[in-house]
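Trainee: Got a structure for you, questions after.
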Amino acid sequence: MTKTITTQSEKETADVGRALAPTLTAGSVVLLVGDLGAGKTAFVRGLAEGLGIHPDEVSSPTFTLIQEYRGGRISLFHVDLYRLDDPREIDDLGLDEITVDGVTAIEWAEKLREAPRGAIDVRIEHRDGDVREVTLSGSSALPS
Ligand code: ADP
Ligand code: MG
């Protein structure tokens with residue numbers, strides 16, 4: 001199942017993430033693909049909020065490759081592969097182990113050699129100005 005939503009602001013992109021949150025359970029993986037500035041982190045901020053996590057906690061994980069946000073319905077692990085180019089380093093992150101305990105959102109997921117089974121794909125394309133096209137696919141329980 002695929003669904004495309006056009007957003008006109010950062011908040012609207014976050015709202016898509018927020019709407020997705022109730023459909024997620026421990027073990028859910030959300031793969032985010034899109035250029036720098038597309039809105040991946042904005043989407044994750046909304047996702048966090050939808051899980052009951054304070055959205056201010058969500059920043060781009062610059063130095064830590066994985067950040068865990070607690071305090072919501074489920075923990076959210078926020079991964080950013082932007083600075084990782086060596087596939088071995090990505091393997092070393094141990095994503096397989098962490099993904100069972102919470103929801104995992106991975107920015108620059110195209111760098112993964114193998115997509116986790118059952119993952120939800122979120123592709124964000126930058127259109128003119130503040131317009132973004134957000135395409136969700138892979139889950140049978142996408143928000144309407
Ligand atoms: P990424 O994580 O993909 O690099 P960010 O979420 O960090 O991108 O940044 C997106 C930037 O684009 C923010 O500065 C945000 O305010 C701006 N922006 C403008 N319009 C939108 C939109 N429709 N959706 C998301 N972000 C938008
Ligand atoms: Mg980002």
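Residues are referred to by chain and number: the chain letter is A, B, ... according to the order shown in the structure tokens, the number counts from 1 in that chain, and ligands are numbered separately from 1 in the order shown.
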Run DSSP on the backbone and grab whatever in chain A lands in alpha helix (DSSP H); send it over as number ranges by chain.
Mentor: A: 10-20, 40-50, 87-92, 95-98
Trainee: Give as a list in words the residues surrounding ligand 2 up to a distance of 9 Å, considering only C-alpha atoms and all ligand atoms.
Mentor: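 Counting only C-alpha atoms and all ligand atoms, the residues within 9 Å of ligand 2 come out as Leu36, Gly37, Ala38, Gly39, Lys40, Thr41, Ala42, Val44, Ser59, Ser60, Pro61, Asp80, Tyr82, Glu107 and Trp108 of chain A.
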Trainee: Take the residues from that selection and put them in a file with N, CA, C and O atoms, as an mmCIF file, in the first residue's frame.
Mentor:
```cif
data_model
loop_
_atom_site.group_PDB
_atom_site.id
_atom_site.type_symbol
_atom_site.label_atom_id
_atom_site.label_comp_id
_atom_site.auth_asym_id
_atom_site.auth_seq_id
_atom_site.Cartn_x
_atom_site.Cartn_y
_atom_site.Cartn_z
ATOM 1 N N LEU A 36 19.022 16.220 1.709
ATOM 2 C CA LEU A 36 19.273 17.097 2.846
ATOM 3 C C LEU A 36 18.243 18.228 2.829
ATOM 4 O O LEU A 36 18.038 18.858 1.791
ATOM 5 N N GLY A 37 17.585 18.434 3.957
ATOM 6 C CA GLY A 37 16.592 19.494 4.032
ATOM 7 C C GLY A 37 15.226 19.101 3.517
ATOM 8 O O GLY A 37 14.309 19.927 3.447
ATOM 9 N N ALA A 38 15.062 17.840 3.167
ATOM 10 C CA ALA A 38 13.755 17.396 2.662
ATOM 11 C C ALA A 38 12.691 17.446 3.766
ATOM 12 O O ALA A 38 11.530 17.781 3.504
ATOM 13 N N GLY A 39 13.094 17.096 4.971
ATOM 14 C CA GLY A 39 12.134 17.097 6.075
ATOM 15 C C GLY A 39 12.105 15.786 6.849
ATOM 16 O O GLY A 39 11.147 15.515 7.582
ATOM 17 N N LYS A 40 13.142 15.001 6.730
ATOM 18 C CA LYS A 40 13.176 13.700 7.427
ATOM 19 C C LYS A 40 13.137 13.892 8.936
ATOM 20 O O LYS A 40 12.378 13.224 9.642
ATOM 21 N N THR A 41 13.966 14.822 9.415
ATOM 22 C CA THR A 41 13.992 15.039 10.867
ATOM 23 C C THR A 41 12.666 15.642 11.333
ATOM 24 O O THR A 41 12.162 15.287 12.404
ATOM 25 N N ALA A 42 12.098 16.500 10.525
ATOM 26 C CA ALA A 42 10.784 17.072 10.859
ATOM 27 C C ALA A 42 9.751 15.960 11.003
ATOM 28 O O ALA A 42 8.926 15.954 11.938
ATOM 29 N N VAL A 44 10.353 12.848 11.806
ATOM 30 C CA VAL A 44 10.652 12.078 13.026
ATOM 31 C C VAL A 44 10.178 12.837 14.267
ATOM 32 O O VAL A 44 9.698 12.237 15.233
ATOM 33 N N SER A 59 16.481 16.037 17.659
ATOM 34 C CA SER A 59 17.356 16.872 16.845
ATOM 35 C C SER A 59 18.044 15.926 15.878
ATOM 36 O O SER A 59 17.856 14.729 15.935
ATOM 37 N N SER A 60 18.848 16.472 14.974
ATOM 38 C CA SER A 60 19.598 15.567 14.112
ATOM 39 C C SER A 60 20.709 14.961 14.947
ATOM 40 O O SER A 60 21.478 15.683 15.567
ATOM 41 N N PRO A 61 20.787 13.649 14.993
ATOM 42 C CA PRO A 61 21.830 13.042 15.828
ATOM 43 C C PRO A 61 23.210 13.214 15.176
ATOM 44 O O PRO A 61 23.672 12.368 14.442
ATOM 45 N N ASP A 80 20.683 8.269 12.273
ATOM 46 C CA ASP A 80 20.982 9.099 11.109
ATOM 47 C C ASP A 80 22.268 8.573 10.475
ATOM 48 O O ASP A 80 23.338 8.653 11.073
ATOM 49 N N TYR A 82 23.697 9.647 7.770
ATOM 50 C CA TYR A 82 24.279 10.629 6.849
ATOM 51 C C TYR A 82 25.803 10.571 6.792
ATOM 52 O O TYR A 82 26.400 10.591 5.737
ATOM 53 N N GLU A 107 17.163 7.804 9.240
ATOM 54 C CA GLU A 107 17.361 8.763 8.155
ATOM 55 C C GLU A 107 18.495 8.290 7.248
ATOM 56 O O GLU A 107 19.443 7.697 7.702
ATOM 57 N N TRP A 108 18.409 8.587 5.980
ATOM 58 C CA TRP A 108 19.382 8.141 4.955
ATOM 59 C C TRP A 108 19.407 6.616 4.889
ATOM 60 O O TRP A 108 20.451 5.978 4.757
#
```
Trainee: Extract, using only C-alpha atoms, all DNA, RNA and protein residues at most 8 Å from A:Phe77, discarding same-chain residues fewer than 5 positions from it, and format them as a list in words.
Mentor: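 The residues satisfying every condition are Ile66, Gln67, Glu68, Tyr69, Ile98, Thr99, Gly102, Val103, Thr104 and Ala105 of chain A.
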Trainee: Which one of A:Val131, A:Leu95, A:Ala19, A:Val30 sits closest to ligand 1 if you count only C-alpha atoms and all ligand atoms?
Mentor: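 Of the candidates, the smallest distance to ligand 1 is held by A:Val131.
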Trainee: Give me the residues within 8 Å of A:Ala14 as a list of chain:residue names, counting only C-alpha atoms and dropping any in the same chain fewer than 2 places off.
Mentor: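 Contacts, in chain order: A:Glu10, A:Lys11, A:Glu12, A:Val16, A:Gly17, A:Arg18, A:Ala42, A:Phe43, A:Val44, A:Arg45, A:Gly46, A:Leu47.
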Trainee: Just give me the gap between atom CA of A:Ile53 and atom 10 (C, counted along the ligand's line) of ligand 1 in Å, one decimal is fine.
Mentor: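 Interatomic distance here is 19.7 Å.
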Trainee: So how many Å separate atom CA of A:Pro143 and atom 21 (C, counted along the ligand's line) of ligand 1, to one decimal?
Mentor: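 Separation of atom CA of A:Pro143 and atom 21 (C, counted along the ligand's line) of ligand 1: 19.9 Å.
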